[in-house]
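Source file: upload-v2.cif. Holds: mmCIF, C-alpha atoms and all ligand atoms.
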```cif
data_input
#
loop_
_atom_site.label_atom_id
_atom_site.label_comp_id
_atom_site.auth_asym_id
_atom_site.auth_seq_id
_atom_site.Cartn_x
_atom_site.Cartn_y
_atom_site.Cartn_z
CA GLY A 10 18.64 25.82 -2.10
CA GLU A 11 18.14 22.30 -3.40
CA VAL A 12 20.32 19.69 -1.70
CA SER A 13 22.17 17.64 -4.34
CA MET A 14 21.78 13.86 -4.55
CA ASN A 15 25.49 13.54 -5.21
CA GLY A 16 25.03 10.81 -7.80
CA TYR A 17 22.85 8.65 -5.56
CA GLU A 18 19.49 7.48 -6.83
CA HIS A 19 17.65 8.63 -3.72
CA TYR A 20 18.25 11.02 -0.86
CA MET A 21 17.76 8.17 1.57
CA LEU A 22 20.62 6.18 0.06
CA LYS A 23 22.84 9.25 0.02
CA GLU A 24 22.01 9.97 3.66
CA ILE A 25 22.70 6.37 4.68
CA HIS A 26 26.13 6.63 3.11
CA GLU A 27 26.82 10.00 4.72
CA GLN A 28 26.79 8.54 8.21
CA PRO A 29 30.54 8.24 8.76
CA ASP A 30 30.74 11.99 8.08
CA SER A 31 27.61 13.03 9.95
CA LEU A 32 28.91 11.13 12.99
CA ARG A 33 32.26 12.90 12.74
CA ASN A 34 30.37 16.19 12.64
CA ALA A 35 28.32 15.24 15.71
CA MET A 36 31.55 14.64 17.64
CA ARG A 37 33.65 17.49 16.30
CA GLY A 38 34.96 19.65 19.14
CA ARG A 39 32.91 17.75 21.69
CA LEU A 40 35.43 15.20 22.98
CA ASN A 41 37.90 16.47 25.54
CA ASP A 42 40.87 14.16 26.19
CA GLU A 43 42.35 16.26 28.95
CA ASP A 44 39.33 15.74 31.21
CA ALA A 45 38.13 12.54 29.51
CA THR A 46 34.68 13.97 29.07
CA ALA A 47 32.37 15.52 26.49
CA VAL A 48 31.90 19.25 25.99
CA PHE A 49 28.63 20.95 25.09
CA GLY A 50 28.39 24.67 24.53
CA GLY A 51 24.63 25.15 24.61
CA LEU A 52 23.19 23.33 27.61
CA ASN A 53 22.70 26.68 29.41
CA LEU A 54 22.65 25.00 32.82
CA THR A 55 25.17 25.45 35.62
CA PRO A 56 27.40 22.50 36.57
CA GLN A 57 25.47 22.44 39.90
CA GLN A 58 22.17 22.11 38.10
CA LEU A 59 23.55 19.39 35.87
CA ARG A 60 25.16 17.48 38.73
CA GLY A 61 21.91 17.70 40.70
CA VAL A 62 19.81 15.98 38.04
CA GLU A 63 18.02 13.01 39.61
CA ARG A 64 15.96 11.89 36.65
CA ILE A 65 16.02 12.38 32.91
CA ILE A 66 12.96 12.18 30.69
CA LEU A 67 13.65 11.55 27.01
CA THR A 68 10.77 12.30 24.69
CA GLY A 69 10.15 12.35 20.95
CA CYS A 70 8.20 10.69 18.14
CA GLY A 71 8.91 8.02 15.55
CA THR A 72 12.56 7.32 14.95
CA SER A 73 13.53 9.96 17.50
CA TRP A 74 11.63 7.99 20.12
CA HIS A 75 13.78 4.98 19.21
CA SER A 76 16.98 6.91 19.78
CA ALA A 77 15.48 7.92 23.14
CA LEU A 78 15.31 4.21 24.04
CA VAL A 79 18.96 3.81 23.09
CA GLY A 80 19.74 6.88 25.20
CA GLU A 81 17.94 5.36 28.16
CA TYR A 82 20.22 2.32 28.11
CA MET A 83 23.35 4.46 27.68
CA ILE A 84 22.55 7.01 30.37
CA GLU A 85 21.57 4.33 32.85
CA GLU A 86 24.74 2.36 32.12
CA PHE A 87 27.25 5.20 32.16
CA ALA A 88 25.71 7.95 34.27
CA ARG A 89 23.49 5.80 36.54
CA ILE A 90 20.71 8.38 36.32
CA PRO A 91 17.16 6.97 36.14
CA VAL A 92 15.65 7.61 32.71
CA CYS A 93 12.06 7.56 31.44
CA VAL A 94 11.29 7.41 27.74
CA GLU A 95 7.98 8.94 26.76
CA TYR A 96 6.12 9.29 23.50
CA ALA A 97 5.71 13.08 23.23
CA SER A 98 2.08 12.65 22.19
CA GLU A 99 1.39 10.76 25.43
CA LEU A 100 3.56 12.88 27.71
CA ARG A 101 1.78 16.07 26.73
CA TYR A 102 -1.64 14.83 27.87
CA ARG A 103 -0.88 12.19 30.50
CA ASN A 104 0.20 14.67 33.13
CA PRO A 105 2.59 12.28 34.93
CA PRO A 106 4.01 13.36 38.30
CA ILE A 107 7.50 14.69 37.62
CA GLU A 108 9.93 15.02 40.54
CA ASN A 109 12.12 18.05 41.10
CA ASN A 110 15.57 17.93 39.54
CA THR A 111 14.25 16.25 36.44
CA LEU A 112 15.69 17.20 33.09
CA VAL A 113 13.47 16.82 30.02
CA PHE A 114 15.11 16.21 26.64
CA GLY A 115 13.08 16.66 23.47
CA ILE A 116 14.72 14.59 20.72
CA THR A 117 13.84 15.67 17.21
CA GLN A 118 15.43 15.81 13.78
CA SER A 119 13.28 18.63 12.43
CA GLY A 120 12.70 20.56 15.62
CA GLU A 121 9.14 21.13 14.38
CA THR A 122 7.19 18.07 15.52
CA ALA A 123 4.04 19.44 17.15
CA ASP A 124 3.74 16.82 19.88
CA THR A 125 7.38 17.10 20.90
CA LEU A 126 7.13 20.88 21.06
CA ALA A 127 3.95 20.65 23.14
CA ALA A 128 5.46 18.07 25.51
CA LEU A 129 8.47 20.32 26.11
CA ASN A 130 6.36 23.42 26.60
CA GLU A 131 4.07 21.60 29.02
CA THR A 132 6.94 20.29 31.17
CA LYS A 133 8.70 23.64 31.03
CA ARG A 134 5.55 25.43 32.19
CA LYS A 135 5.56 23.15 35.23
CA GLY A 136 9.03 24.37 36.09
CA HIS A 137 11.23 21.60 34.71
CA ARG A 138 14.38 22.29 32.75
CA THR A 139 14.07 21.39 29.10
CA LEU A 140 16.75 20.68 26.51
CA ALA A 141 16.48 20.03 22.78
CA LEU A 142 18.51 17.45 20.93
CA CYS A 143 17.84 18.64 17.46
CA ASN A 144 19.19 18.77 13.90
CA VAL A 145 17.64 21.89 12.44
CA VAL A 146 19.28 25.05 13.74
CA GLY A 147 16.87 27.72 14.95
CA SER A 148 13.84 25.40 14.71
CA SER A 149 10.81 25.88 16.97
CA ILE A 150 11.89 23.24 19.48
CA ALA A 151 15.47 24.53 19.56
CA GLN A 152 14.06 27.94 20.45
CA ALA A 153 11.51 26.73 22.96
CA ALA A 154 13.96 24.68 25.05
CA ASP A 155 16.19 26.16 27.75
CA GLY A 156 19.22 24.86 25.86
CA GLY A 157 20.35 21.93 23.82
CA VAL A 158 22.68 20.10 21.53
CA TYR A 159 22.65 20.29 17.75
CA LEU A 160 23.26 17.10 15.78
CA HIS A 161 25.08 18.78 12.86
CA ALA A 162 23.98 15.91 10.59
CA GLY A 163 23.27 18.27 7.69
CA PRO A 164 19.91 18.42 5.91
CA GLU A 165 17.98 15.14 5.95
CA ILE A 166 15.59 15.06 2.97
CA GLY A 167 14.43 11.43 2.89
CA VAL A 168 11.27 11.10 4.95
CA ALA A 169 12.61 8.00 6.68
CA SER A 170 15.22 9.18 9.16
CA THR A 171 18.68 7.60 8.90
CA LYS A 172 21.66 9.85 9.56
CA ALA A 173 19.75 11.96 12.09
CA TYR A 174 19.02 8.76 14.03
CA SER A 175 22.66 7.71 14.25
CA SER A 176 23.67 11.22 15.24
CA GLN A 177 21.02 11.29 17.96
CA CYS A 178 22.41 8.02 19.33
CA CYS A 179 25.93 9.43 19.13
CA VAL A 180 25.02 12.65 20.96
CA LEU A 181 23.23 10.61 23.62
CA ALA A 182 26.39 8.53 24.06
CA MET A 183 28.39 11.73 24.56
CA LEU A 184 25.79 13.02 27.01
CA SER A 185 26.03 9.82 29.06
CA LEU A 186 29.80 10.26 29.14
CA TYR A 187 29.31 13.87 30.21
CA PHE A 188 26.85 13.07 33.01
CA GLY A 189 28.86 10.01 34.02
CA ARG A 190 32.05 12.06 34.41
CA MET A 191 30.18 14.50 36.66
CA ARG A 192 29.41 11.61 38.99
CA HIS A 193 31.34 8.42 39.58
CA MET A 194 32.85 7.56 36.21
CA SER A 195 36.66 7.33 36.37
CA PHE A 196 39.07 9.23 34.15
CA GLU A 197 40.12 5.89 32.60
CA SER A 198 36.59 4.84 31.76
CA GLY A 199 35.87 8.26 30.27
CA GLY A 200 39.02 8.03 28.16
CA ARG A 201 38.07 4.58 26.93
CA ILE A 202 34.63 5.76 25.85
CA ILE A 203 36.21 8.65 23.94
CA GLU A 204 38.52 6.23 22.13
CA GLU A 205 35.58 4.00 21.25
CA LEU A 206 33.60 6.97 19.96
CA ARG A 207 36.53 8.06 17.79
CA ARG A 208 36.64 4.62 16.18
CA LEU A 209 32.92 4.68 15.43
CA PRO A 210 32.92 6.46 12.01
CA ALA A 211 35.41 3.93 10.62
CA ALA A 212 33.25 1.07 11.92
CA VAL A 213 30.20 2.59 10.23
CA GLU A 214 32.19 2.94 7.02
CA GLN A 215 33.02 -0.74 7.22
CA ALA A 216 29.39 -1.65 7.97
CA LEU A 217 28.35 0.16 4.78
CA THR A 218 30.33 -2.33 2.71
CA CYS A 219 27.53 -4.87 3.34
CA ASP A 220 25.44 -2.97 0.77
CA SER A 221 25.65 -5.44 -2.13
CA GLU A 222 25.15 -8.45 0.15
CA VAL A 223 22.08 -6.74 1.66
CA ARG A 224 20.75 -6.01 -1.84
CA ARG A 225 21.03 -9.71 -2.68
CA ILE A 226 19.18 -10.64 0.51
CA ALA A 227 16.55 -7.97 -0.18
CA SER A 228 15.72 -9.59 -3.53
CA LYS A 229 15.00 -12.89 -1.76
CA TYR A 230 12.61 -11.42 0.78
CA ALA A 231 11.03 -8.48 -1.06
CA GLU A 232 7.72 -10.34 -1.44
CA ALA A 233 7.21 -10.92 2.28
CA SER A 234 4.04 -9.55 3.88
CA ASN A 235 5.29 -9.73 7.46
CA VAL A 236 8.76 -9.45 8.95
CA LEU A 237 9.86 -9.77 12.58
CA TYR A 238 12.86 -7.88 13.99
CA LEU A 239 14.32 -9.26 17.19
CA GLY A 240 17.11 -8.17 19.50
CA ARG A 241 17.91 -7.73 23.17
CA ARG A 242 19.35 -4.95 25.34
CA TYR A 243 20.93 -2.34 23.08
CA ASN A 244 19.69 -4.24 20.06
CA PHE A 245 16.05 -4.09 21.09
CA PRO A 246 15.57 -0.43 20.05
CA THR A 247 17.38 -1.39 16.84
CA ALA A 248 14.73 -4.06 16.25
CA LEU A 249 12.02 -1.42 16.61
CA GLU A 250 13.84 0.96 14.30
CA GLY A 251 14.50 -1.74 11.67
CA ALA A 252 10.80 -2.64 11.67
CA LEU A 253 9.75 1.00 11.42
CA LYS A 254 12.08 1.62 8.47
CA LEU A 255 10.58 -1.33 6.60
CA LYS A 256 6.99 -0.25 7.33
CA GLU A 257 7.63 3.36 6.37
CA ILE A 258 9.10 2.88 2.93
CA SER A 259 8.14 -0.59 1.70
CA TYR A 260 4.65 -0.86 3.29
CA ILE A 261 5.45 -4.34 4.59
CA HIS A 262 4.04 -5.08 8.00
CA ALA A 263 6.91 -5.48 10.44
CA GLU A 264 7.23 -5.78 14.19
CA GLY A 265 10.20 -5.18 16.42
CA TYR A 266 10.30 -7.17 19.63
CA PRO A 267 12.69 -8.03 22.45
CA ALA A 268 13.96 -11.41 21.24
CA ALA A 269 13.05 -13.24 24.44
CA GLU A 270 9.57 -11.73 24.61
CA MET A 271 8.61 -13.13 21.24
CA LYS A 272 7.66 -16.48 22.78
CA HIS A 273 4.81 -14.64 24.52
CA GLY A 274 3.02 -13.92 21.29
CA PRO A 275 4.80 -12.99 18.07
CA ILE A 276 6.32 -16.45 17.62
CA ALA A 277 2.78 -17.51 16.67
CA LEU A 278 3.28 -15.48 13.48
CA VAL A 279 6.31 -17.48 12.41
CA ASP A 280 5.85 -19.56 9.27
CA LYS A 281 7.83 -20.22 6.10
CA ASP A 282 6.78 -16.88 4.60
CA THR A 283 7.58 -14.74 7.65
CA PRO A 284 11.26 -13.88 7.89
CA SER A 285 12.82 -12.89 11.23
CA VAL A 286 15.76 -10.53 11.39
CA PHE A 287 17.94 -11.21 14.44
CA ILE A 288 20.16 -8.34 15.48
CA MET A 289 22.87 -10.20 17.32
CA PRO A 290 26.35 -8.71 17.34
CA ARG A 291 28.32 -10.39 20.12
CA GLY A 292 27.53 -9.13 23.62
CA THR A 293 26.08 -10.03 27.01
CA THR A 294 22.92 -11.71 25.72
CA TYR A 295 24.50 -13.29 22.66
CA ASP A 296 24.00 -16.95 23.63
CA LYS A 297 20.44 -16.28 24.72
CA VAL A 298 19.60 -14.66 21.37
CA MET A 299 21.18 -17.64 19.62
CA SER A 300 18.63 -19.90 21.37
CA ASN A 301 15.82 -17.50 20.47
CA MET A 302 16.96 -17.76 16.85
CA GLU A 303 16.99 -21.55 17.07
CA GLU A 304 13.38 -21.48 18.33
CA VAL A 305 12.29 -19.50 15.28
CA LYS A 306 14.21 -21.75 12.92
CA ALA A 307 12.64 -24.84 14.50
CA ARG A 308 9.24 -23.42 13.57
CA GLY A 309 10.17 -23.10 9.93
CA GLY A 310 10.73 -19.35 9.77
CA PRO A 311 13.44 -17.95 7.50
CA VAL A 312 16.15 -16.23 9.54
CA ILE A 313 18.39 -13.29 8.68
CA ALA A 314 21.12 -12.68 11.26
CA VAL A 315 23.06 -9.45 11.70
CA ALA A 316 26.27 -10.60 13.39
CA SER A 317 29.74 -9.35 14.26
CA HIS A 318 31.68 -12.63 14.28
CA GLU A 319 31.96 -15.43 11.78
CA GLU A 320 30.68 -18.48 13.55
CA ALA A 321 29.67 -21.94 12.40
CA GLN A 322 26.64 -21.97 14.69
CA ILE A 323 25.11 -18.81 13.20
CA ARG A 324 25.78 -20.04 9.66
CA ARG A 325 24.10 -23.33 10.55
CA ILE A 326 20.92 -21.76 11.96
CA ALA A 327 20.49 -18.59 9.89
CA ASP A 328 19.57 -18.58 6.21
CA GLU A 329 21.42 -15.30 5.70
CA VAL A 330 24.16 -13.65 7.70
CA ILE A 331 25.04 -9.98 7.41
CA MET A 332 28.40 -9.16 8.95
CA ILE A 333 29.03 -5.90 10.75
CA PRO A 334 32.20 -4.82 12.56
CA GLU A 335 32.61 -5.40 16.27
CA VAL A 336 32.06 -2.34 18.48
CA PRO A 337 31.32 -2.01 22.20
CA GLU A 338 27.71 -2.79 23.08
CA PHE A 339 26.61 0.80 23.61
CA LEU A 340 27.63 1.67 20.06
CA GLN A 341 26.02 -1.38 18.46
CA PRO A 342 22.73 0.47 17.81
CA ILE A 343 24.54 2.85 15.45
CA VAL A 344 26.40 0.15 13.54
CA SER A 345 23.54 -2.40 13.46
CA ALA A 346 21.13 0.18 12.09
CA ILE A 347 23.15 0.40 8.85
CA PRO A 348 22.25 -3.01 7.33
CA LEU A 349 18.63 -2.54 8.43
CA GLN A 350 18.40 0.86 6.74
CA LEU A 351 19.87 -0.69 3.59
CA LEU A 352 17.58 -3.70 3.77
CA SER A 353 14.45 -1.57 3.89
CA TYR A 354 15.85 0.72 1.18
CA HIS A 355 16.54 -2.12 -1.27
CA ILE A 356 13.26 -3.88 -0.55
CA ALA A 357 11.34 -0.64 -1.13
CA VAL A 358 13.16 0.00 -4.41
CA LEU A 359 12.47 -3.57 -5.56
CA ARG A 360 8.79 -3.11 -4.75
CA GLY A 361 8.71 0.09 -6.75
CA CYS A 362 7.95 2.31 -3.77
CA ASP A 363 8.67 6.03 -3.62
CA VAL A 364 11.54 5.78 -1.14
CA ASP A 365 12.07 9.46 -0.39
CA LYS A 366 8.38 10.35 -0.25
CA PRO A 367 6.45 7.36 1.10
CA ARG A 368 2.68 7.50 0.98
CA ASN A 369 0.78 9.01 3.92
CA LEU A 370 3.95 10.22 5.67
CA ALA A 371 5.45 13.67 6.17
CA LYS A 372 9.01 14.62 6.98
CA SER A 373 7.88 16.73 9.87
CA VAL A 374 4.51 16.43 11.49
CA THR A 375 3.52 19.93 12.54
CA VAL A 376 -0.07 19.08 13.40
CA GLU A 377 -1.12 16.83 16.23
C1 LIG A 401 7.78 11.93 11.16
C2 LIG A 401 8.87 11.40 10.25
C3 LIG A 401 9.75 10.41 11.02
C4 LIG A 401 10.30 11.06 12.27
C5 LIG A 401 9.18 11.64 13.15
C6 LIG A 401 9.74 12.53 14.23
O1 LIG A 401 6.88 10.91 11.46
O2 LIG A 401 8.30 10.76 9.14
O3 LIG A 401 10.83 9.99 10.20
O4 LIG A 401 11.04 10.13 13.01
O5 LIG A 401 8.32 12.45 12.38
O6 LIG A 401 10.34 13.63 13.62
P1 LIG A 401 11.39 14.56 14.31
O7 LIG A 401 11.70 15.62 13.29
O8 LIG A 401 10.71 15.15 15.53
O9 LIG A 401 12.55 13.74 14.68
#
```

Just give me the structure of the file as structure tokens.
Amino acid sequence: GEVSMNGYEHYMLKEIHEQPDSLRNAMRGRLNDEDATAVFGGLNLTPQQLRGVERIILTGCGTSWHSALVGEYMIEEFARIPVCVEYASELRYRNPPIENNTLVFGITQSGETADTLAALNETKRKGHRTLALCNVVGSSIAQAADGGVYLHAGPEIGVASTKAYSSQCCVLAMLSLYFGRMRHMSFESGGRIIEELRRLPAAVEQALTCDSEVRRIASKYAEASNVLYLGRRYNFPTALEGALKLKEISYIHAEGYPAAEMKHGPIALVDKDTPSVFIMPRGTTYDKVMSNMEEVKARGGPVIAVASHEEAQIRRIADEVIMIPEVPEFLQPIVSAIPLQLLSYHIAVLRGCDVDKPRNLAKSVTVE
């Protein structure tokens, strides 16, 4: 049946606000305190097979490809397993050499994306184990894979993915805990990650309170023709995702870039009409990103900072500051995505765009 809008003006806005709940659903029954690990019922692989994994390939399209990038950072940090992220449309035809003991994850909200299905089938045919990280139960990709993990985000109707993205990131965090605990991660570290995951829905709830501030900022920048999104480490995939959200629903050209890489090209785009969004909650590269932001400001570009701490220096450099709660770095992608989803939403509404059904786009792309 028809999914209700629950009083929201658009499905996308409703789905953005559902994220504290969809994240709780992604974690329900999957965190085990006794062993300080995650539990997954549907991987369909023996502990020996899982422990023997020497490489993980994460593949998908669009927003799901962005969560794959987040997953790469998480799995490498916590499980120390080498990860490759591949566009499914490239993986299916590129025929890369894949070593034994490689696990291939297809990441997909719909479970119907043709390229992701084909990439999984192609790697499976070559004898590799395939898993689906998927929202729609019983979908083609869920059936084609050897096993998998459901997101339990509930139906996502808005074409631009929001709650499925955060749930993908959350499941990938739990998977890195799971693989990490099969290797060298200590009981204490596992327990700490579980605690941090449990605090995540409340942090997302708090992040959502930036809505009216973001709407105000949106009205100042809704006329822009180009926007840059910049971040480093865990906030680099967020930059890509923020830019994609803006392109998808407001038809403004946007680019996501690693903040330090921008001096090798994109900084040439900076002028008084080209805003840059810096995703810079406090973390290992914080001071470096601050200098990157200063470089943009010095060239006359308007700056919007997404930050986790009130600080005179940010207020001095940035024209706008959006505050989000502090979370550990590996969870920043989930929390930082919230203001960027809202920013693109409000800009699209102000520009009179059809938020839930943007032109030229489909919710699931079942042709190649
Ligand atoms: C389409 C949608 C995107 C989505 C992508 C992958 O392009 O418009 O929002 O990220 O497909 O979809 P999937 O269902 O495989 O995650």

Atom pair CA of Cys70 (chain A) / atom C6 of ligand LIG 401 (chain A): separation (Å):
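A separation of 4.6 Å between them.
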
Which of A:Val305, A:Met21, A:Val279, A:Ala269 sits closest to ligand LIG 401 (chain A) [using all atoms listed in the file]
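Comparing A:Val305, A:Met21, A:Val279, A:Ala269 against ligand LIG 401 (chain A), the winner is A:Met21.
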
Using CA of Val374 (chain A) and CA of Gly51 (chain A) as the two end points, give the distance in Å to one decimal.
25.6 Å

Which one is closest to ligand LIG 401 (chain A): A:Gln341, A:Asn41, A:Ser13, A:Ser175? Count only C-alpha atoms and all ligand atoms.
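When distances to ligand LIG 401 (chain A) are compared using only C-alpha atoms and all ligand atoms, the smallest one comes from A:Ser175.
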
Mind listing the residues within 8 Å of ligand LIG 401 (chain A), all atoms listed in the file counted, as a ChimeraX atom specification?
/A:69-74,116-122,125,143,168-170,173,257,370-374

Can you pull out every residue within 10 Å of Gly189 (chain A), counting only C-alpha atoms, but drop anything in the same chain fewer than 6 positions away, and send it as a PyMOL selection string?
chain A and resi 46-47+60+84-90+183+195+198-199

Residues within 10 Å of (14.4, 1.0, 18.1), counting only C-alpha atoms, listed as a list in words:
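Selection result: Gly71, Thr72, Ser73, Trp74, His75, Ser76, Ala77, Leu78, Val79, Tyr174, Tyr238, Gly240, Tyr243, Asn244, Phe245, Pro246, Thr247, Ala248, Leu249, Glu250, Gly251, Ala252, Leu253, Lys254, Gly265, Tyr266, Pro342 and Ala346 of chain A.
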
Identify, on the basis of all atoms listed in the file, every residue whose closest approach to Ile258 (chain A) does not exceed 12 Å; exclude the query and any residue fewer than 3 positions from it along the same chain; express the result as a VMD selection string.
chain A and resid 21 167 to 170 251 to 255 261 to 263 350 to 371

In Å, how far is it from CA of Met194 (chain A) to CA of Arg242 (chain A)?
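Separation of CA of Met194 (chain A) and CA of Arg242 (chain A): 21.4 Å.
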
Hey, which of A:Pro29, A:Gly115, A:Gly80, A:Pro337 ends up closest to Glu131 (chain A)? Count all atoms listed in the file.
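Ranked by minimum distance to Glu131 (chain A), first place goes to A:Gly115.
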
Selection near Glu270 (chain A), 10 Å with only C-alpha atoms, sequence-local residues under 5 positions removed, as a list in words
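Surrounding residues, per the criterion: Leu239, Gly240, Arg241, Pro275, Ile276 and Asn301 of chain A.
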
Each region 229-331 of chain A residue no farther than 12 Å from region 203-223 of chain A, nearest pair in Å, only C-alpha atoms, as JSON lines:
```
{"residue": "A:Lys229", "atom": "CA", "partner": "A:Val223", "partner_atom": "CA", "distance": 10.0}
{"residue": "A:Tyr230", "atom": "CA", "partner": "A:Val223", "partner_atom": "CA", "distance": 10.6}
{"residue": "A:Ala231", "atom": "CA", "partner": "A:Val223", "partner_atom": "CA", "distance": 11.5}
{"residue": "A:Ile313", "atom": "CA", "partner": "A:Val223", "partner_atom": "CA", "distance": 10.3}
{"residue": "A:Ala314", "atom": "CA", "partner": "A:Val223", "partner_atom": "CA", "distance": 11.3}
{"residue": "A:Val315", "atom": "CA", "partner": "A:Val223", "partner_atom": "CA", "distance": 10.4}
{"residue": "A:Ala316", "atom": "CA", "partner": "A:Ala216", "partner_atom": "CA", "distance": 10.9}
{"residue": "A:Ser317", "atom": "CA", "partner": "A:Ala216", "partner_atom": "CA", "distance": 9.9}
{"residue": "A:Glu329", "atom": "CA", "partner": "A:Val223", "partner_atom": "CA", "distance": 9.5}
{"residue": "A:Val330", "atom": "CA", "partner": "A:Glu222", "partner_atom": "CA", "distance": 9.2}
{"residue": "A:Ile331", "atom": "CA", "partner": "A:Cys219", "partner_atom": "CA", "distance": 7.0}
```
